[in-house]
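Let me begin by presenting the structure, written as structure tokens, before commenting on it.
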Amino acid sequence: QVQLVESGGGLVQAGGSLRLSCAASGSIFSINVVGWHRQAPGKQRELVARITRTGRTNYVDSVKGRFTISRDNAKNTVYLQMNSLKPEDTAVYYCNAIMDWGNEYWGQGTQVTVSS
């Protein structure tokens with residue numbers, strides 16, 4: 001089992017930056033992929049970025065060039081650096097871990113609000 005705790009959300013003006021953190025504990029060595037997802041009011045949850053155990057990263061087109069996912073293995077933490085934020089990035093951001101055997105775990109979410 002894995003526990004995920006997100007932090008770093010907040011209110012920022014358009015064009016600003018935030019860095020989200022996802023701290024993992026538990027069976028961390030069995031985590032295959034960590035992803036950041038977001039859900040805006042009235043919209044479906046979408047995958048924003050993910051990073052695999054081998055360091056491979058993927059991004060949704062709308063954040064390419066603005067967001068960067070990275071990890072610090074020593075701290076068991078995955079980060080999402082968000083630059084050039086836009087009002088449409090406003091959402092609750094969730095961290096997700098996919099295990100080697102297929103189970104998924106979610107954090108509680110952190111609110112990101114971008115004002116215009």
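Ordering of the structure tokens sets the chain letters (A, B, ...); residue numbers start at 1 within each chain; ligands are numbered from 1 in the order shown.
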
List as an mmCIF file with all heavy atoms, in the first residue's frame the protein and nucleic acid residues near stretch 88-94 of chain A, meaning an atom at most 7 Å away when only C-alpha atoms are counted, but skip any in the same chain fewer than 2 places from it.
data_model
loop_
_atom_site.group_PDB
_atom_site.id
_atom_site.type_symbol
_atom_site.label_atom_id
_atom_site.label_comp_id
_atom_site.auth_asym_id
_atom_site.auth_seq_id
_atom_site.Cartn_x
_atom_site.Cartn_y
_atom_site.Cartn_z
ATOM 1 N N TRP A 36 0.428 13.233 -12.306
ATOM 2 C CA TRP A 36 -0.358 14.356 -11.799
ATOM 3 C C TRP A 36 -1.595 14.488 -12.687
ATOM 4 O O TRP A 36 -1.477 14.553 -13.921
ATOM 5 C CB TRP A 36 0.446 15.650 -11.837
ATOM 6 C CG TRP A 36 1.412 15.793 -10.724
ATOM 7 C CD1 TRP A 36 2.761 15.555 -10.759
ATOM 8 C CD2 TRP A 36 1.128 16.223 -9.394
ATOM 9 N NE1 TRP A 36 3.325 15.797 -9.537
ATOM 10 C CE2 TRP A 36 2.337 16.218 -8.671
ATOM 11 C CE3 TRP A 36 -0.032 16.610 -8.722
ATOM 12 C CZ2 TRP A 36 2.420 16.584 -7.334
ATOM 13 C CZ3 TRP A 36 0.046 16.971 -7.397
ATOM 14 C CH2 TRP A 36 1.252 16.956 -6.710
ATOM 15 N N HIS A 37 -2.745 14.515 -12.064
ATOM 16 C CA HIS A 37 -4.011 14.687 -12.745
ATOM 17 C C HIS A 37 -4.668 15.949 -12.208
ATOM 18 O O HIS A 37 -4.319 16.424 -11.125
ATOM 19 C CB HIS A 37 -4.937 13.496 -12.478
ATOM 20 C CG HIS A 37 -4.380 12.186 -12.917
ATOM 21 N ND1 HIS A 37 -4.962 11.428 -13.915
ATOM 22 C CD2 HIS A 37 -3.298 11.479 -12.506
ATOM 23 C CE1 HIS A 37 -4.256 10.312 -14.078
ATOM 24 N NE2 HIS A 37 -3.243 10.327 -13.244
ATOM 25 N N ARG A 38 -5.631 16.468 -12.962
ATOM 26 C CA ARG A 38 -6.375 17.621 -12.471
ATOM 27 C C ARG A 38 -7.845 17.501 -12.851
ATOM 28 O O ARG A 38 -8.180 16.847 -13.849
ATOM 29 C CB ARG A 38 -5.792 18.927 -13.001
ATOM 30 C CG ARG A 38 -5.918 19.111 -14.495
ATOM 31 C CD ARG A 38 -5.182 20.382 -14.930
ATOM 32 N NE ARG A 38 -5.250 20.592 -16.370
ATOM 33 C CZ ARG A 38 -4.566 21.534 -17.020
ATOM 34 N NH1 ARG A 38 -3.767 22.361 -16.339
ATOM 35 N NH2 ARG A 38 -4.694 21.664 -18.316
ATOM 36 N N GLN A 39 -8.657 18.134 -12.033
ATOM 37 C CA GLN A 39 -10.090 18.146 -12.309
ATOM 38 C C GLN A 39 -10.628 19.539 -12.024
ATOM 39 O O GLN A 39 -10.577 20.015 -10.883
ATOM 40 C CB GLN A 39 -10.827 17.103 -11.468
ATOM 41 C CG GLN A 39 -12.282 16.955 -11.847
ATOM 42 C CD GLN A 39 -12.913 15.701 -11.267
ATOM 43 O OE1 GLN A 39 -12.422 15.125 -10.300
ATOM 44 N NE2 GLN A 39 -14.005 15.253 -11.863
ATOM 45 N N ALA A 40 -11.135 20.167 -13.084
ATOM 46 C CA ALA A 40 -11.759 21.478 -12.958
ATOM 47 C C ALA A 40 -13.255 21.287 -12.726
ATOM 48 O O ALA A 40 -13.820 20.241 -13.083
ATOM 49 C CB ALA A 40 -11.506 22.285 -14.220
ATOM 50 N N LEU A 85 1.415 30.068 -15.758
ATOM 51 C CA LEU A 85 0.082 29.552 -15.463
ATOM 52 C C LEU A 85 -1.013 30.393 -16.108
ATOM 53 O O LEU A 85 -0.882 31.616 -16.241
ATOM 54 C CB LEU A 85 -0.127 29.471 -13.956
ATOM 55 C CG LEU A 85 0.561 28.270 -13.293
ATOM 56 C CD1 LEU A 85 0.717 28.490 -11.800
ATOM 57 C CD2 LEU A 85 -0.212 27.003 -13.577
ATOM 58 N N LYS A 86 -2.068 29.712 -16.502
ATOM 59 C CA LYS A 86 -3.212 30.334 -17.155
ATOM 60 C C LYS A 86 -4.471 30.075 -16.316
ATOM 61 O O LYS A 86 -4.524 29.080 -15.577
ATOM 62 C CB LYS A 86 -3.407 29.752 -18.545
ATOM 63 C CG LYS A 86 -2.186 29.827 -19.451
ATOM 64 C CD LYS A 86 -2.441 29.113 -20.771
ATOM 65 C CE LYS A 86 -1.220 29.176 -21.672
ATOM 66 N NZ LYS A 86 -1.459 28.474 -22.967
ATOM 67 N N ASN A 96 -1.147 10.544 -8.348
ATOM 68 C CA ASN A 96 -1.594 9.167 -8.543
ATOM 69 C C ASN A 96 -0.394 8.253 -8.704
ATOM 70 O O ASN A 96 0.561 8.615 -9.398
ATOM 71 C CB ASN A 96 -2.485 9.118 -9.796
ATOM 72 C CG ASN A 96 -2.672 7.739 -10.363
ATOM 73 O OD1 ASN A 96 -1.924 7.328 -11.254
ATOM 74 N ND2 ASN A 96 -3.638 7.021 -9.858
ATOM 75 N N TRP A 106 -4.369 7.261 -4.811
ATOM 76 C CA TRP A 106 -4.553 8.686 -5.052
ATOM 77 C C TRP A 106 -4.309 9.483 -3.782
ATOM 78 O O TRP A 106 -4.596 9.016 -2.678
ATOM 79 C CB TRP A 106 -5.988 8.951 -5.523
ATOM 80 C CG TRP A 106 -6.308 8.391 -6.870
ATOM 81 C CD1 TRP A 106 -6.760 7.136 -7.153
ATOM 82 C CD2 TRP A 106 -6.197 9.070 -8.126
ATOM 83 N NE1 TRP A 106 -6.934 6.998 -8.516
ATOM 84 C CE2 TRP A 106 -6.603 8.174 -9.133
ATOM 85 C CE3 TRP A 106 -5.805 10.364 -8.498
ATOM 86 C CZ2 TRP A 106 -6.623 8.517 -10.488
ATOM 87 C CZ3 TRP A 106 -5.834 10.701 -9.834
ATOM 88 C CH2 TRP A 106 -6.233 9.794 -10.816
ATOM 89 N N GLY A 107 -3.821 10.694 -3.974
ATOM 90 C CA GLY A 107 -3.733 11.626 -2.870
ATOM 91 C C GLY A 107 -5.054 12.357 -2.701
ATOM 92 O O GLY A 107 -6.017 12.120 -3.432
ATOM 93 N N GLN A 108 -5.072 13.267 -1.742
ATOM 94 C CA GLN A 108 -6.321 13.954 -1.407
ATOM 95 C C GLN A 108 -6.582 15.163 -2.307
ATOM 96 O O GLN A 108 -7.694 15.684 -2.323
ATOM 97 C CB GLN A 108 -6.286 14.402 0.065
ATOM 98 C CG GLN A 108 -5.532 15.689 0.342
ATOM 99 C CD GLN A 108 -4.031 15.551 0.254
ATOM 100 O OE1 GLN A 108 -3.480 14.456 0.106
ATOM 101 N NE2 GLN A 108 -3.324 16.690 0.352
ATOM 102 N N GLY A 109 -5.570 15.591 -3.036
ATOM 103 C CA GLY A 109 -5.717 16.721 -3.942
ATOM 104 C C GLY A 109 -5.300 18.036 -3.327
ATOM 105 O O GLY A 109 -5.346 18.211 -2.103
ATOM 106 N N THR A 110 -4.881 18.951 -4.198
ATOM 107 C CA THR A 110 -4.516 20.295 -3.762
ATOM 108 C C THR A 110 -5.068 21.287 -4.778
ATOM 109 O O THR A 110 -4.978 21.074 -5.990
ATOM 110 C CB THR A 110 -2.989 20.438 -3.596
ATOM 111 O OG1 THR A 110 -2.684 21.735 -3.059
ATOM 112 C CG2 THR A 110 -2.246 20.241 -4.907
ATOM 113 N N GLN A 111 -5.660 22.359 -4.287
ATOM 114 C CA GLN A 111 -6.335 23.325 -5.149
ATOM 115 C C GLN A 111 -5.330 24.297 -5.753
ATOM 116 O O GLN A 111 -4.504 24.869 -5.032
ATOM 117 C CB GLN A 111 -7.380 24.104 -4.364
ATOM 118 C CG GLN A 111 -8.081 25.205 -5.159
ATOM 119 C CD GLN A 111 -9.022 24.663 -6.210
ATOM 120 O OE1 GLN A 111 -9.812 23.759 -5.939
ATOM 121 N NE2 GLN A 111 -8.945 25.207 -7.422
ATOM 122 N N VAL A 112 -5.430 24.484 -7.056
ATOM 123 C CA VAL A 112 -4.658 25.506 -7.768
ATOM 124 C C VAL A 112 -5.656 26.461 -8.409
ATOM 125 O O VAL A 112 -6.521 26.023 -9.173
ATOM 126 C CB VAL A 112 -3.741 24.881 -8.836
ATOM 127 C CG1 VAL A 112 -3.118 25.965 -9.696
ATOM 128 C CG2 VAL A 112 -2.668 24.028 -8.181
ATOM 129 N N THR A 113 -5.533 27.738 -8.088
ATOM 130 C CA THR A 113 -6.408 28.754 -8.654
ATOM 131 C C THR A 113 -5.554 29.819 -9.312
ATOM 132 O O THR A 113 -4.671 30.395 -8.669
ATOM 133 C CB THR A 113 -7.301 29.384 -7.575
ATOM 134 O OG1 THR A 113 -8.052 28.367 -6.916
ATOM 135 C CG2 THR A 113 -8.254 30.389 -8.203
ATOM 136 N N VAL A 114 -5.814 30.057 -10.591
ATOM 137 C CA VAL A 114 -5.070 31.057 -11.357
ATOM 138 C C VAL A 114 -6.028 32.186 -11.709
ATOM 139 O O VAL A 114 -7.023 31.957 -12.419
ATOM 140 C CB VAL A 114 -4.455 30.450 -12.623
ATOM 141 C CG1 VAL A 114 -3.596 31.490 -13.341
ATOM 142 C CG2 VAL A 114 -3.630 29.216 -12.290
#

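Backbone DSSP of stretch 70-108 of chain A yields helix (DSSP H, G or I) at Asn73, Ala74, Lys75, Pro87, Glu88 and Asp89 of chain A.
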
Problem - Pick from A:Asp100, A:Ala24, A:Cys95, A:Phe29 nearest to A:Leu47, counting only C-alpha atoms - result: A:Cys95

Problem - Shell around stretch 71-78 of chain A at 9 Å using only C-alpha atoms, local window under 4 positions removed, as a ChimeraX atom specification - result: /A:20-25,28,34-35,51,55,95

Just C-alpha atoms for this one: save the residues we selected as a PDB file, in the first residue's frame.
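Just written: result_20.pdb:
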ATOM      1  CA  LEU A  20       3.365  20.993  -6.413  1.00  0.00           C
ATOM      2  CA  SER A  21       4.835  18.182  -4.333  1.00  0.00           C
ATOM      3  CA  CYS A  22       3.649  14.606  -3.938  1.00  0.00           C
ATOM      4  CA  ALA A  23       5.266  12.825  -1.017  1.00  0.00           C
ATOM      5  CA  ALA A  24       4.962   9.039  -1.052  1.00  0.00           C
ATOM      6  CA  SER A  25       5.263   6.564   1.787  1.00  0.00           C
ATOM      7  CA  ILE A  28       7.345   3.010  -2.679  1.00  0.00           C
ATOM      8  CA  VAL A  34       3.499   8.555 -10.759  1.00  0.00           C
ATOM      9  CA  GLY A  35       1.148  10.965 -12.418  1.00  0.00           C
ATOM     10  CA  ILE A  51       6.910   9.975 -14.828  1.00  0.00           C
ATOM     11  CA  GLY A  55      12.418   8.546 -15.660  1.00  0.00           C
ATOM     12  CA  CYS A  95      -1.169  12.770  -7.412  1.00  0.00           C
TER      13      CYS A  95
END

Practice task
May I have all residues of stretch 7-85 of chain A that DSSP, computed from the backbone, assigns to strand (DSSP E or B), given as a count of residues only?
Solution key: 45

Using only C-alpha atoms, determine which residues lie at most 6 Å from A:Ile98, disregarding the query and same-chain residues fewer than 2 positions distant; provide the list as a compact mmCIF listing (two decimals) with N, CA, C and O atoms, in the first residue's frame.
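And here's part12.txt as it stands now:
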# COMPACT_ATOMS: atom_id res chain seq x y z
N ILE A 31 6.26 1.22 -6.87
CA ILE A 31 5.58 2.21 -7.71
C ILE A 31 6.19 2.19 -9.10
O ILE A 31 7.40 2.34 -9.27
N ASN A 32 5.35 2.02 -10.11
CA ASN A 32 5.81 1.97 -11.50
C ASN A 32 5.72 3.34 -12.17
O ASN A 32 6.64 3.77 -12.86
N VAL A 33 4.61 4.03 -11.94
CA VAL A 33 4.37 5.33 -12.56
C VAL A 33 3.73 6.26 -11.53
O VAL A 33 2.85 5.84 -10.78
N ASN A 103 -2.46 -1.94 -9.14
CA ASN A 103 -3.26 -1.11 -8.22
C ASN A 103 -2.90 0.36 -8.38
O ASN A 103 -1.77 0.69 -8.73
N GLU A 104 -3.87 1.21 -8.09
CA GLU A 104 -3.64 2.64 -8.13
C GLU A 104 -3.99 3.27 -6.79
O GLU A 104 -4.93 2.84 -6.13

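Distance-wise, atom CA of A:Gly102 and atom CA of A:Gly65 end up 29.7 Å apart.
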
Practice task
Could you check how far atom CA of A:Asp61 sits from atom CA of A:Pro41, in Å to one decimal?
Solution key: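 Atom CA of A:Pro41 lies at a distance of 20.1 Å from atom CA of A:Asp61.
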